[in-house]
Structure formats: C-alpha cells, structure tokens
>>> print(open('coords-v6.cif').read())   # mmCIF, C-alpha atoms
data_work
loop_
_atom_site.label_atom_id
_atom_site.label_comp_id
_atom_site.auth_asym_id
_atom_site.auth_seq_id
_atom_site.Cartn_x
_atom_site.Cartn_y
_atom_site.Cartn_z
CA MET A 1 19.45 -7.61 -25.68
CA THR A 2 18.72 -10.78 -27.65
CA THR A 3 20.10 -14.07 -26.37
CA ILE A 4 21.24 -16.43 -29.11
CA ILE A 5 22.05 -20.07 -28.56
CA THR A 6 23.70 -22.12 -31.30
CA PRO A 7 22.75 -23.78 -33.59
CA ILE A 8 20.75 -20.87 -34.96
CA THR A 9 17.45 -21.44 -36.72
CA GLU A 10 16.48 -19.68 -39.95
CA VAL A 11 13.45 -18.09 -38.27
CA LEU A 12 15.60 -16.12 -35.83
CA LEU A 13 17.47 -14.15 -38.47
CA PRO A 14 14.63 -11.90 -39.67
CA GLN A 15 14.24 -10.72 -36.07
CA LEU A 16 17.81 -9.40 -35.81
CA ASN A 17 18.32 -5.77 -36.71
CA VAL A 18 21.31 -3.48 -37.20
CA GLY A 19 22.40 -1.87 -33.94
CA GLU A 20 20.86 -4.58 -31.77
CA ASN A 21 22.90 -5.97 -28.88
CA ILE A 22 23.11 -9.75 -28.68
CA THR A 23 24.79 -12.42 -26.60
CA ILE A 24 25.90 -15.72 -28.09
CA SER A 25 26.13 -18.99 -26.19
CA GLY A 26 26.87 -22.53 -27.26
CA TYR A 27 29.43 -23.89 -29.72
CA ILE A 28 31.02 -21.56 -32.26
CA TYR A 29 33.79 -21.96 -34.80
CA THR A 30 36.81 -19.70 -35.19
CA GLY A 31 38.88 -18.92 -38.26
CA ARG A 32 40.73 -16.09 -39.95
CA ASP A 33 42.99 -15.32 -42.92
CA ALA A 34 44.85 -18.60 -43.13
CA VAL A 35 42.11 -21.15 -42.57
CA LEU A 36 38.84 -19.72 -43.93
CA PRO A 37 39.85 -20.14 -47.62
CA LYS A 38 40.65 -23.77 -46.76
CA ILE A 39 37.18 -24.24 -45.26
CA VAL A 40 35.65 -22.74 -48.40
CA ASN A 41 37.66 -25.26 -50.39
CA LEU A 42 36.30 -28.10 -48.23
CA ILE A 43 32.78 -26.85 -49.03
CA LYS A 44 33.57 -27.04 -52.75
CA LEU A 45 35.01 -30.56 -52.33
CA ARG A 46 32.05 -31.61 -50.14
CA GLN A 47 34.49 -32.77 -47.46
CA LEU A 48 33.23 -30.85 -44.42
CA LYS A 49 31.76 -33.90 -42.72
CA GLU A 50 35.04 -35.77 -43.04
CA TYR A 51 36.48 -33.12 -40.74
CA GLY A 52 33.44 -33.13 -38.43
CA ILE A 53 32.42 -29.62 -39.49
CA TYR A 54 28.72 -28.75 -39.49
CA LEU A 55 28.08 -25.22 -40.68
CA GLU A 56 24.26 -25.21 -40.69
CA GLY A 57 23.11 -22.67 -38.11
CA SER A 58 26.67 -21.94 -37.05
CA VAL A 59 28.68 -18.91 -35.95
CA ILE A 60 32.22 -18.20 -37.16
CA PHE A 61 34.32 -15.86 -35.05
CA HIS A 62 37.18 -14.17 -36.95
CA THR A 63 39.94 -14.71 -34.42
CA ALA A 64 43.10 -16.62 -33.66
CA VAL A 65 43.02 -18.90 -30.62
CA SER A 66 46.21 -18.68 -28.62
CA VAL A 67 47.36 -18.84 -25.02
CA ALA A 68 46.72 -15.08 -24.95
CA GLY A 69 43.03 -15.74 -25.65
CA VAL A 70 40.69 -14.66 -28.42
CA GLY A 71 39.76 -11.30 -29.96
CA PRO A 72 38.38 -10.13 -33.29
CA THR A 73 40.65 -9.45 -36.23
CA SER A 74 39.51 -7.22 -39.09
CA SER A 75 36.85 -9.07 -41.08
CA ASN A 76 37.54 -6.96 -44.17
CA LYS A 77 40.91 -8.62 -44.80
CA PHE A 78 40.69 -10.14 -48.26
CA GLU A 79 40.91 -13.80 -47.28
CA ILE A 80 38.30 -13.42 -44.56
CA GLU A 81 35.75 -11.23 -46.33
CA SER A 82 35.95 -13.17 -49.59
CA SER A 83 35.04 -16.35 -47.68
CA ILE A 84 31.84 -14.91 -46.20
CA PRO A 85 29.50 -15.55 -49.19
CA ALA A 86 30.46 -19.23 -49.56
CA LEU A 87 30.33 -19.82 -45.81
CA SER A 88 26.90 -18.15 -45.63
CA ALA A 89 25.65 -20.29 -48.50
CA ALA A 90 26.85 -23.34 -46.56
CA GLY A 91 24.82 -22.37 -43.50
CA VAL A 92 26.86 -19.97 -41.36
CA LYS A 93 24.34 -17.59 -39.79
CA ILE A 94 26.50 -15.15 -37.87
CA HIS A 95 29.95 -13.96 -38.88
CA LEU A 96 31.60 -12.38 -35.86
CA GLY A 97 34.43 -9.89 -36.26
CA LYS A 98 35.12 -6.19 -36.63
CA GLY A 99 35.37 -3.55 -39.35
CA ALA A 100 33.14 -2.45 -42.24
CA LEU A 101 32.23 -4.89 -45.03
CA SER A 102 31.80 -4.17 -48.74
CA LYS A 103 28.46 -3.73 -50.49
CA ASP A 104 28.89 -7.07 -52.27
CA THR A 105 29.38 -8.88 -48.98
CA ILE A 106 26.38 -7.11 -47.43
CA LYS A 107 24.31 -8.25 -50.40
CA ALA A 108 25.56 -11.84 -50.09
CA LEU A 109 24.74 -11.94 -46.38
CA ASN A 110 21.21 -10.83 -47.15
CA GLN A 111 20.88 -13.37 -49.96
CA TYR A 112 21.73 -16.26 -47.63
CA ASN A 113 19.79 -14.99 -44.59
CA SER A 114 22.97 -14.42 -42.59
CA VAL A 115 24.19 -11.49 -40.52
CA TYR A 116 27.47 -9.93 -39.45
CA ALA A 117 28.04 -8.88 -35.85
CA VAL A 118 30.86 -6.87 -34.32
CA ILE A 119 32.40 -8.15 -31.12
CA PRO A 120 34.55 -5.75 -29.08
CA PRO A 121 38.24 -6.66 -28.65
CA VAL A 122 37.75 -7.59 -25.00
CA THR A 123 40.01 -10.60 -24.61
CA ALA A 124 40.03 -10.81 -20.82
CA LEU A 125 36.24 -10.70 -20.74
CA LEU A 126 35.90 -13.25 -23.53
CA ASN A 127 38.33 -15.59 -21.79
CA SER A 128 36.05 -15.54 -18.74
CA LYS A 129 33.17 -16.55 -21.04
CA THR A 130 35.00 -19.30 -22.94
CA LEU A 131 34.23 -22.69 -21.45
CA SER A 132 36.26 -24.97 -23.72
CA GLN A 133 38.23 -24.99 -26.96
CA LYS A 134 39.55 -27.59 -29.38
CA VAL A 135 41.10 -27.76 -32.82
CA ILE A 136 38.75 -29.13 -35.48
CA ALA A 137 40.82 -28.87 -38.66
CA PHE A 138 44.21 -27.81 -39.99
CA PRO A 139 46.15 -28.06 -36.70
CA GLU A 140 49.38 -27.21 -38.55
CA LEU A 141 48.18 -23.59 -38.63
CA GLY A 142 48.59 -23.35 -34.86
CA MET A 143 46.62 -20.43 -33.45
CA GLU A 144 45.07 -19.90 -36.88
CA ALA A 145 43.69 -23.46 -37.08
CA PHE A 146 39.92 -24.00 -37.31
CA HIS A 147 38.78 -24.21 -33.70
CA LEU A 148 35.52 -24.99 -31.92
CA LEU A 149 34.80 -22.94 -28.80
CA GLU A 150 32.12 -23.47 -26.22
CA VAL A 151 31.09 -20.01 -25.06
CA LYS A 152 28.62 -18.38 -22.73
CA ASP A 153 27.19 -14.91 -23.34
CA TYR A 154 29.72 -13.52 -25.81
CA PRO A 155 28.65 -9.89 -26.28
CA ALA A 156 28.19 -8.46 -29.80
CA ILE A 157 26.26 -5.90 -31.80
CA ILE A 158 24.54 -6.60 -35.12
CA ALA A 159 26.42 -4.58 -37.75
CA VAL A 160 25.03 -5.93 -41.04
CA ALA A 161 21.55 -7.42 -41.52
CA HIS A 162 18.91 -7.44 -44.25
CA GLY A 163 21.09 -5.48 -46.67
CA LYS A 164 21.82 -2.69 -44.18
CA SER A 165 25.09 -1.80 -42.49
CA ILE A 166 25.65 0.11 -39.27
CA TYR A 167 28.70 1.67 -40.93
CA ASP A 168 26.52 3.26 -43.61
CA GLU A 169 24.00 4.51 -41.10
CA GLN A 170 26.60 6.49 -39.15
CA LYS A 171 27.75 8.49 -42.18
CA MET B 1 72.03 -1.11 -9.54
CA MET B 2 70.09 -4.16 -8.36
CA ASN B 3 71.30 -7.69 -9.04
CA ARG B 4 70.56 -9.60 -12.22
CA ASN B 5 67.78 -11.80 -10.85
CA ASP B 6 65.98 -8.83 -9.33
CA ILE B 7 66.13 -6.98 -12.65
CA ILE B 8 64.74 -9.98 -14.51
CA GLU B 9 61.88 -10.36 -12.03
CA LYS B 10 61.06 -6.65 -12.03
CA VAL B 11 61.04 -6.45 -15.83
CA LYS B 12 58.87 -9.57 -16.02
CA VAL B 13 56.29 -8.10 -13.61
CA ALA B 14 56.32 -4.75 -15.45
CA LEU B 15 55.67 -6.44 -18.79
CA ILE B 16 52.68 -8.28 -17.32
CA THR B 17 51.39 -4.99 -15.92
CA ALA B 18 51.81 -3.27 -19.29
CA GLY B 19 49.87 -6.05 -21.05
CA SER B 20 47.06 -6.30 -18.53
CA THR B 21 46.42 -2.93 -16.93
CA PHE B 22 44.81 0.38 -17.81
CA SER B 23 46.65 3.34 -16.27
CA ALA B 24 44.67 5.51 -13.83
CA ASP B 25 44.29 8.33 -16.37
CA LYS B 26 43.04 5.84 -18.98
CA LYS B 27 40.34 4.50 -16.66
CA GLU B 28 39.32 8.05 -15.84
CA VAL B 29 39.11 9.14 -19.47
CA TYR B 30 36.94 6.08 -20.23
CA ARG B 31 34.59 6.91 -17.33
CA LYS B 32 34.23 10.47 -18.59
CA ALA B 33 33.65 9.28 -22.16
CA ILE B 34 30.94 6.86 -20.98
CA GLU B 35 29.17 9.68 -19.15
CA ARG B 36 29.38 11.96 -22.18
CA GLU B 37 28.56 9.46 -24.96
CA THR B 38 25.07 9.95 -26.39
CA VAL B 39 24.91 6.98 -28.80
CA PRO B 40 23.72 3.84 -26.96
CA GLY B 41 25.80 1.36 -28.99
CA ALA B 42 28.91 3.48 -28.54
CA LYS B 43 28.31 3.78 -24.81
CA TRP B 44 27.94 -0.01 -24.60
CA ILE B 45 31.28 -0.57 -26.33
CA LEU B 46 33.04 1.88 -24.01
CA GLU B 47 31.48 0.23 -20.95
CA THR B 48 32.44 -3.25 -22.20
CA THR B 49 36.01 -2.13 -22.91
CA LEU B 50 36.39 -0.68 -19.41
CA GLN B 51 34.85 -3.82 -17.92
CA ASN B 52 37.40 -5.87 -19.90
CA ALA B 53 40.22 -3.75 -18.45
CA LEU B 54 39.03 -4.39 -14.90
CA VAL B 55 38.85 -8.16 -15.51
CA ALA B 56 42.32 -8.16 -17.14
CA GLU B 57 43.82 -6.20 -14.25
CA LYS B 58 42.27 -8.53 -11.68
CA ASN B 59 43.43 -11.68 -13.51
CA ARG B 60 46.76 -10.19 -14.68
CA SER B 61 45.81 -11.50 -18.15
CA PRO B 62 46.10 -9.89 -21.61
CA LEU B 63 43.84 -6.94 -22.39
CA CYS B 64 43.79 -8.05 -26.03
CA ASP B 65 44.70 -11.29 -27.78
CA ASP B 66 47.15 -9.25 -29.85
CA SER B 67 49.31 -8.85 -26.78
CA GLY B 68 51.77 -6.70 -28.71
CA ILE B 69 55.44 -6.35 -29.54
CA PRO B 70 57.55 -5.11 -26.59
CA HIS B 71 59.09 -1.65 -27.09
CA LEU B 72 61.59 -0.49 -24.48
CA PHE B 73 62.46 3.07 -23.48
CA LEU B 74 65.25 3.55 -20.96
CA GLU B 75 65.83 6.80 -19.05
CA VAL B 76 69.41 7.14 -17.83
CA GLY B 77 70.39 9.50 -15.00
CA PRO B 78 73.76 11.29 -14.73
CA ASN B 79 75.39 8.73 -12.41
CA LYS B 80 73.95 5.56 -13.89
CA ASN B 81 75.78 3.01 -16.03
CA ILE B 82 74.47 0.79 -18.77
CA THR B 83 76.26 -2.50 -19.23
CA GLY B 84 75.83 -5.43 -21.55
CA GLU B 85 74.82 -7.46 -18.49
CA LEU B 86 72.02 -5.01 -17.73
CA ILE B 87 70.69 -5.14 -21.29
CA ALA B 88 70.82 -8.95 -21.25
CA ALA B 89 68.91 -9.04 -17.94
CA ILE B 90 66.25 -6.71 -19.36
CA HIS B 91 65.80 -8.96 -22.38
CA LYS B 92 65.60 -12.01 -20.14
CA GLY B 93 62.91 -10.27 -18.08
CA VAL B 94 60.96 -9.47 -21.26
CA LYS B 95 61.14 -13.11 -22.31
CA GLU B 96 59.88 -14.33 -18.94
CA GLY B 97 57.17 -11.67 -18.89
CA LEU B 98 55.90 -12.75 -22.31
CA ARG B 99 55.74 -16.36 -21.13
CA ALA B 100 53.96 -15.47 -17.91
CA LEU B 101 51.39 -13.00 -19.33
CA PRO B 102 51.08 -15.09 -21.58
CA GLY B 103 51.70 -13.17 -24.78
CA ARG B 104 50.44 -14.41 -28.12
CA PRO B 105 53.07 -16.63 -29.74
CA MET B 106 53.75 -14.69 -32.91
CA ALA B 107 57.49 -14.84 -33.53
CA ILE B 108 58.13 -15.84 -37.13
CA LYS B 109 60.81 -18.47 -37.68
CA GLY B 110 63.34 -18.70 -40.50
CA GLY B 111 65.71 -16.55 -42.54
CA ASP B 112 65.00 -13.23 -44.20
CA THR B 113 62.67 -14.53 -46.89
CA GLN B 114 60.82 -16.89 -44.52
CA ARG B 115 60.29 -14.09 -42.04
CA ILE B 116 58.87 -11.86 -44.77
CA ASP B 117 56.46 -14.34 -46.34
CA GLN B 118 55.84 -16.23 -43.08
CA SER B 119 56.68 -19.53 -44.73
CA GLY B 120 58.91 -20.61 -41.84
CA GLY B 121 56.00 -20.99 -39.46
CA LEU B 122 55.46 -19.62 -35.98
CA ASP B 123 57.44 -20.23 -32.83
CA PHE B 124 54.98 -21.53 -30.23
CA ASP B 125 57.01 -19.99 -27.39
CA PRO B 126 55.58 -16.54 -26.44
CA GLY B 127 59.04 -15.70 -25.12
CA ALA B 128 60.56 -16.09 -28.59
CA LEU B 129 59.15 -12.70 -29.52
CA LEU B 130 62.07 -10.24 -29.58
CA SER B 131 61.59 -6.68 -28.42
CA ALA B 132 62.20 -3.70 -30.71
CA PRO B 133 65.57 -1.90 -30.21
CA ILE B 134 65.88 -0.09 -26.87
CA LEU B 135 65.55 3.69 -27.02
CA LEU B 136 67.78 5.62 -24.60
CA LYS B 137 67.02 9.04 -23.17
CA PRO B 138 69.19 11.01 -20.72
CA THR B 139 67.39 12.49 -17.73
CA ASP B 140 68.39 14.91 -14.97
CA GLU B 141 66.80 12.64 -12.39
CA ASP B 142 69.35 10.13 -11.07
CA VAL B 143 67.44 7.04 -12.12
CA LEU B 144 67.65 4.09 -14.42
CA ARG B 145 64.00 3.92 -15.40
CA LEU B 146 62.67 1.39 -17.89
CA HIS B 147 59.37 1.95 -19.67
CA ILE B 148 57.80 -1.06 -21.41
CA LEU B 149 55.21 -0.53 -24.13
CA MET B 150 53.30 -3.26 -25.94
CA HIS B 151 52.45 -2.34 -29.53
CA GLY B 152 49.56 -4.11 -31.26
CA GLY B 153 49.38 -4.71 -35.00
CA GLY B 154 46.33 -2.62 -35.93
CA PRO B 155 47.86 0.76 -35.05
CA GLU B 156 51.01 -0.26 -36.94
CA ILE B 157 48.92 -0.79 -40.08
CA ARG B 158 47.26 2.61 -39.74
CA GLY B 159 50.23 4.62 -38.40
CA LYS B 160 52.10 7.00 -40.68
CA THR B 161 55.45 8.80 -40.78
CA PHE B 162 55.70 11.39 -43.51
CA ARG B 163 56.83 14.91 -44.31
CA VAL B 164 54.65 17.98 -43.94
CA PHE B 165 55.50 21.32 -45.55
CA HIS B 166 54.54 23.66 -42.71
CA ARG B 167 54.38 26.98 -44.61
CA HIS B 168 55.34 28.64 -41.30
CA LYS B 169 51.97 27.91 -39.74
CA VAL B 170 51.26 25.44 -36.93
CA SER B 171 47.72 25.07 -38.29
CA VAL B 172 49.05 23.65 -41.57
CA VAL B 173 50.74 20.83 -39.63
CA THR B 174 47.80 20.17 -37.31
CA GLU B 175 45.33 20.12 -40.22
CA GLU B 176 47.47 17.52 -41.97
CA ILE B 177 47.65 15.44 -38.79
CA ILE B 178 43.86 15.63 -38.33
CA GLU B 179 43.34 14.52 -41.93
CA TRP B 180 45.62 11.51 -41.38
CA ALA B 181 43.99 10.76 -38.03
CA VAL B 182 40.43 10.77 -39.37
CA GLU B 183 41.37 8.35 -42.14
CA ALA B 184 43.37 6.10 -39.79
CA SER B 185 40.72 6.05 -37.06
CA GLY B 186 38.01 5.16 -39.54
CA LYS B 187 39.96 2.19 -40.84
CA LEU B 188 41.47 1.04 -37.56
CA GLY B 189 38.42 -0.90 -36.35
CA CYS B 190 39.51 -0.59 -32.72
CA SER B 191 38.70 3.01 -31.86
CA PRO B 192 38.51 5.10 -29.70
CA VAL B 193 42.12 6.00 -30.39
CA THR B 194 44.77 7.79 -28.43
CA LEU B 195 46.90 9.62 -30.97
CA ALA B 196 50.64 9.51 -30.35
CA ILE B 197 52.52 12.06 -32.45
CA GLY B 198 56.19 12.94 -32.80
CA ILE B 199 57.48 15.87 -34.86
CA GLY B 200 61.17 15.89 -35.70
CA ARG B 201 63.85 16.33 -38.35
CA SER B 202 64.08 12.81 -39.67
CA HIS B 203 61.85 9.76 -39.87
CA PHE B 204 63.86 8.06 -37.13
CA GLU B 205 63.69 11.09 -34.85
CA ALA B 206 59.97 11.65 -35.43
CA THR B 207 59.21 8.01 -34.66
CA SER B 208 61.40 8.15 -31.53
CA LEU B 209 59.51 11.24 -30.39
CA MET B 210 56.21 9.51 -31.06
CA LEU B 211 57.32 6.66 -28.78
CA GLU B 212 58.40 9.19 -26.16
CA ALA B 213 54.98 10.83 -26.41
CA MET B 214 53.42 7.45 -25.61
CA VAL B 215 55.73 7.01 -22.61
CA PHE B 216 55.05 10.37 -20.99
CA GLY B 217 51.57 11.19 -22.32
CA ASN B 218 48.68 11.49 -19.89
CA HIS B 219 45.01 11.64 -20.84
CA SER B 220 44.35 14.07 -17.98
CA ILE B 221 46.97 16.57 -19.16
CA GLN B 222 46.33 17.93 -22.64
CA ASN B 223 47.91 21.07 -24.09
CA GLU B 224 46.09 23.34 -26.52
CA ILE B 225 47.23 21.57 -29.70
CA GLU B 226 46.53 18.13 -28.25
CA GLN B 227 43.04 19.17 -27.15
CA GLU B 228 42.26 20.69 -30.54
CA ILE B 229 43.26 17.52 -32.38
CA THR B 230 41.22 15.38 -29.98
CA ASP B 231 38.14 17.61 -30.24
CA ARG B 232 38.28 17.72 -34.03
CA LEU B 233 38.61 13.95 -34.26
CA ASN B 234 35.63 13.52 -31.96
CA LYS B 235 33.49 15.47 -34.42
CA SER B 236 34.11 12.84 -37.10
CA ASN B 237 31.33 10.52 -35.78
CA ILE B 238 33.58 7.49 -36.35
CA GLY B 239 32.96 6.40 -32.77
CA PRO B 240 34.01 3.28 -30.88
CA LEU B 241 34.90 0.40 -33.25
CA GLY B 242 33.86 2.68 -36.11
CA LEU B 243 30.16 2.19 -35.33
CA GLY B 244 29.44 5.89 -34.85
CA GLY B 245 29.27 8.08 -31.77
CA ASP B 246 30.82 10.99 -29.94
CA THR B 247 33.97 9.16 -28.80
CA THR B 248 36.51 8.62 -31.56
CA CYS B 249 39.56 9.92 -29.69
CA LEU B 250 40.37 9.74 -25.97
CA GLY B 251 43.37 12.04 -26.10
CA THR B 252 46.42 13.16 -28.02
CA PHE B 253 50.02 12.75 -26.90
CA LEU B 254 52.29 15.13 -28.83
CA LYS B 255 56.06 15.48 -28.55
CA VAL B 256 57.77 18.19 -30.58
CA GLY B 257 61.53 17.74 -30.88
CA PRO B 258 64.25 20.02 -32.26
CA GLN B 259 63.49 21.23 -35.76
CA ARG B 260 65.60 21.98 -38.80
CA ALA B 261 65.77 25.36 -40.58
CA SER B 262 63.66 24.19 -43.45
CA GLY B 263 60.16 24.20 -44.83
CA VAL B 264 59.61 20.60 -43.87
CA ARG B 265 58.63 18.82 -40.66
CA ILE B 266 58.65 15.05 -40.30
CA VAL B 267 55.56 13.85 -38.51
CA SER B 268 55.05 10.38 -37.08
CA MET B 269 51.51 9.49 -36.03
CA ARG B 270 50.35 6.28 -34.35
CA PRO B 271 46.62 5.85 -33.73
CA CYS B 272 46.86 3.74 -30.58
CA CYS B 273 43.79 1.49 -30.32
CA GLY B 274 41.25 1.61 -27.50
CA ILE B 275 43.35 -0.43 -25.09
CA GLU B 276 46.63 1.37 -25.82
CA PRO B 277 49.07 2.75 -24.91
CA ARG B 278 49.81 -0.40 -22.90
CA LYS B 279 52.73 0.63 -20.72
CA ALA B 280 54.43 0.20 -17.39
CA SER B 281 57.51 1.78 -15.80
CA ILE B 282 60.09 0.54 -13.28
CA ASP B 283 63.24 1.88 -11.66
CA LEU B 284 66.14 -0.56 -11.90
#
>>> encode(input="coords-v6.cif", output="structure tokens")
Amino acid sequence: MTTIITPITEVLLPQLNVGENITISGYIYTGRDAVLPKIVNLIKLRQLKEYGIYLEGSVIFHTAVSVAGVGPTSSNKFEIESSIPALSAAGVKIHLGKGALSKDTIKALNQYNSVYAVIPPVTALLNSKTLSQKVIAFPELGMEAFHLLEVKDYPAIIAVAHGKSIYDEQK
Amino acid sequence: MMNRNDIIEKVKVALITAGSTFSADKKEVYRKAIERETVPGAKWILETTLQNALVAEKNRSPLCDDSGIPHLFLEVGPNKNITGELIAAIHKGVKEGLRALPGRPMAIKGGDTQRIDQSGGLDFDPGALLSAPILLKPTDEDVLRLHILMHGGGPEIRGKTFRVFHRHKVSVVTEEIIEWAVEASGKLGCSPVTLAIGIGRSHFEATSLMLEAMVFGNHSIQNEIEQEITDRLNKSNIGPLGLGGDTTCLGTFLKVGPQRASGVRIVSMRPCCGIEPRKASIDL
C-alpha cells in the first residue's frame, strides 16, 4: 500500500504500477460530465488562477458532491474521458474514477506522466474520510460544480500507468 | 390500518434502511465471496465494499452517492383496503425519508423538454424526487406490506428488456440471458452484480416480474437456473469493478410469470450493482 499526499511530485509517478493499492490524503478536486469541459476551457484561456485552481500535482476525482456524499461515476463518459489529456497536460497526476479507458487516453496519460486509479463506490466510507469540502468554480452546477475536498486515506487501486491498463491485463 | 402519521414515519424509516443497509443474506454472500476470491485486488474491493456497508448501516447514511430512485411494491392481503389517503401517506413518507437519508438531490425541474435535456436545472430538495409508480400484488397473507427499493442509475443504463425466441428450450433463453449479462456486467463498472430477471408476456409484465424478483430474491436461496447463470457469469473473469477476479456475480433472482402460447418470451434483466438490491419492507 502506497501512501500519497497531495500535491504529487513528478518523481512519485514512475513508482506507481498497475494493480497497486494506494491511499490518497490532502486536497483533491472533484468534477464530472458538466464541469470538466469547462475546466479544460479555462486551461485554454489561461484563466485557472483567476478561479484559484492549481492543477500541478493535483488529483481529480470524477464525482458529484452532494448531501448524499461522494462516489465515482464512470470515467469513460465522453465529457469526462475527453478531458483527461488536457487536464494531464496541465498537471493533474491522478484521475480518480471507475471504468475502463480507451487506448488513446492510456497513451495520453503515459505521455504526461499521469495515472488513472479506480476508487470503489464506497460512499459511507469516503464520507468518514472527507474532512472538508468547498466549491471552487461554477457553483451554478450545484453538485456537479468544481469542488475542493480535504481527504484522509481515500482508498484506490492503480488501473492505468505507464501505458498499461488493468482492464487489458485481466482479459 | 395504522394512522397517517405512523405510516409516514414507518415509510420514512424503511426508506433510510433501504438506502443504508445490506440485508443479512447480502452480507453473508459477500463474506463467502471474500473467502473464495483468489485475486488480491478483487478481494480488496469486496472487503472495502462490505466495510462500507457496515459503516453505512451504523451511521444510517447512504451506501452510495447515487442514492437511487424509490420504487414501491405493495402486497395487499384479502381483507386490506387501499385508499387515496394511504397512497398519499406513503408518498409523504418517501419524501421525508429522502430528506432524512439524505438522498442525492437529482430531481430535474421544468416541463417535458427541460426534463429531457436537463436544461431546467436540479431541485436541491432530496425530497423532490418522485417515486416510480407503485406496483400492487395480491397475497394470501392478510397484510398490507410495502417494499421499498432504491434503484441506482448504472444498472438502468446496462439493463435490458427484449424478446427471446425460445425454440422450446430453456437453455436457449438462459444462454441469451448469460450473453446479455456478461456484456452488461463488463460495462457496468460497479460489479459484482446481482442479476434480477423477469420473464413474461409483455415488456411491462417482464419488467414487473423483474422488480418482484428483486423484492423476494435471496442470495442464500438459489434454484438450479439461478445458480447456473451465476456460475457462468463468475467464469467471465470480469470481477469486482471490472478489474478481474472470480467474483462477477453474487446471485441471480429470477421470476418466471405466466407465458403466452407463442415462440417468444419477453425477458427483462437488471444487473444490480454491488450494493443493490437496496430494499426494505414494512407492514402498514
């Protein structure tokens, strides 16, 4: 079990391998279908800092944030998966979600020294490990707004790293 | 029949139980799967999912952030009456249960077009989420028994209701179901599944039977067809969350209804995710 504390340094990534269990602590962002394309647009417009968003060494968890808690949505939804290359290029080191990713996305993750980890849909457990939460951008999206969570020991398993996918290995 | 306030309170508590609690047979089937699982990553996911269930039960909090759409199944005994007041009290109890759980606020506002394209925005009140139509079933037992099920979105994406030409062989139907189930489980992302299956004469009837299978199904009681489907699915190596392993399916709940004199059977299959069926029952 590897313990990861955000922000993540570039040197850590080569040490993470497919199938490895990790825990994540520190501050992480959340976003899914509605907001991630908007964040990608902010990257293009160079407006991230105006919103107080710092993606270097960050983690993005593909989830809504509601009174019910948090839990992974499928990362292979078009709006989410298509945002992964640009977010990785901007410094996101771990994309946290569930479901298999395409070959192109696996290649892009490798190109930008980023990984993809699967987090089980264990909302009650995650709620007990979520210390704080606040909206960072696009509050009009409600539970799908871009949030910042402070978390302790979120459990996950590395699913894509260095051009390899756990989903390919099980075939 | 109990008074209105008692019904509301009882329904509210039952909804919270449905959204936060693994049934005894579900806990047991998880424990057995953990013992049996040979792939370390798969075993870890099963252990974490069971741990989540124990935390949710203790805190009476949602098992999953997709807390689900309430589906109601009402058994009606020979001497019991259903009134508009009773139905209204049940709906009020559902509303209060959703607020107390709390459920995820996911009711879409607006008219027909806004509700389709989601342009009307979301209602922030968890209680604004309306339940699906109530399904009634007569029973010989003299009870008015309400079953509450909470249906998440993933299984709805991967579920299927379609015709199967049976060619007068059960195996033709089961092979078709297994083919659907392997594809659905692989894409679901939240395996291990519990397959709920209804076989009837129409799409409505098959879907109703599928819901009934969820209500009365028990992981500890599996007939020959159910066990065969489960065993075959477990050979697929899809595993928990699709990451590979021995545990793709925890059980199959099958309900076969009356059939028509015809070469066709309508089959409804719902691959319930690893925390489903989420259900609770109360006598009113």
>>> residues_near_point(input="coords-v6.cif", point="(77.9, 12.0, -24.5)", cutoff="12 Å", atoms="all atoms listed in the file", output="PDB file with C-alpha atoms, keeping the file's coordinate frame")
ATOM      1  CA  VAL B  76      69.410   7.140 -17.830  1.00  0.00           C
ATOM      2  CA  PRO B  78      73.760  11.290 -14.730  1.00  0.00           C
ATOM      3  CA  LEU B 136      67.780   5.620 -24.600  1.00  0.00           C
ATOM      4  CA  LYS B 137      67.020   9.040 -23.170  1.00  0.00           C
ATOM      5  CA  PRO B 138      69.190  11.010 -20.720  1.00  0.00           C
TER       6      PRO B 138
END
>>> closest_atom_pairs(input="coords-v6.cif", of="chain B", to="chain A", cutoff="6 Å", atoms="all atoms listed in the file", output="JSON lines")
{"residue": "B:Asn52", "atom": "CA", "partner": "A:Leu125", "partner_atom": "CA", "distance": 5.0}
{"residue": "B:Ala56", "atom": "CA", "partner": "A:Ala124", "partner_atom": "CA", "distance": 5.1}
{"residue": "B:Leu63", "atom": "CA", "partner": "A:Ala124", "partner_atom": "CA", "distance": 5.7}
{"residue": "B:Cys64", "atom": "CA", "partner": "A:Thr123", "partner_atom": "CA", "distance": 4.8}
{"residue": "B:Asp65", "atom": "CA", "partner": "A:Ala68", "partner_atom": "CA", "distance": 5.1}
{"residue": "B:Pro102", "atom": "CA", "partner": "A:Ala68", "partner_atom": "CA", "distance": 5.5}
{"residue": "B:Gly103", "atom": "CA", "partner": "A:Ala68", "partner_atom": "CA", "distance": 5.3}
{"residue": "B:Arg104", "atom": "CA", "partner": "A:Ala68", "partner_atom": "CA", "distance": 4.9}
{"residue": "B:Gly189", "atom": "CA", "partner": "A:Gly99", "partner_atom": "CA", "distance": 5.0}
{"residue": "B:Leu243", "atom": "CA", "partner": "A:Tyr167", "partner_atom": "CA", "distance": 5.8}
{"residue": "B:Gly244", "atom": "CA", "partner": "A:Gln170", "partner_atom": "CA", "distance": 5.2}
>>> residues_around(input="coords-v6.cif", residues="region 162-173 of chain B", least_positions_apart="6", cutoff="12 Å", atoms="all atoms listed in the file", output="NGL selection string")
:B and (179-180 or 197-207 or 224-225 or 228-229 or 256 or 259-270)
>>> residues_around(input="coords-v6.cif", residues="Thr17 (chain B)", least_positions_apart="5", cutoff="8 Å", atoms="only C-alpha atoms", output="count of residues only")
4
>>> resolve_selection(input="coords-v6.cif", expression="the PyMOL selection byres ((chain A and resi 91) around 10)", output="JSON, numbers by chain")
{"A": [8, 10, 54, 55, 56, 57, 58, 59, 86, 87, 88, 89, 90, 92, 93, 94, 112, 113, 114]}
>>> atom_distance(input="coords-v6.cif", atom1="CA of His91 (chain B)", atom2="CA of Leu54 (chain B)")
28.2 Å
>>> resolve_selection(input="coords-v6.cif", expression="the PyMOL selection byres ((chain B and resi 158) around 7)", output="PyMOL selection string")
chain B and resi 154-157+159-160+184+188+271
>>> decode(input="coords-v6.cif", residues="region 46-60 of chain A", atoms="C-alpha atoms", output="short mmCIF file (atom, residue, chain, number, x, y, z; two decimals), in the first residue's frame")
data_model
loop_
_atom_site.label_atom_id
_atom_site.label_comp_id
_atom_site.auth_asym_id
_atom_site.auth_seq_id
_atom_site.Cartn_x
_atom_site.Cartn_y
_atom_site.Cartn_z
CA ARG A 46 -5.22 30.58 -19.24
CA GLN A 47 -7.77 31.58 -16.60
CA LEU A 48 -7.25 28.85 -13.99
CA LYS A 49 -5.55 31.15 -11.49
CA GLU A 50 -8.41 33.62 -11.67
CA TYR A 51 -10.55 30.86 -10.20
CA GLY A 52 -7.88 29.81 -7.68
CA ILE A 53 -7.31 26.48 -9.43
CA TYR A 54 -3.83 24.95 -9.29
CA LEU A 55 -3.62 21.70 -11.21
CA GLU A 56 0.12 20.98 -10.87
CA GLY A 57 0.49 17.77 -8.86
CA SER A 58 -3.25 17.51 -8.33
CA VAL A 59 -5.85 14.75 -8.16
CA ILE A 60 -9.26 14.99 -9.82
#
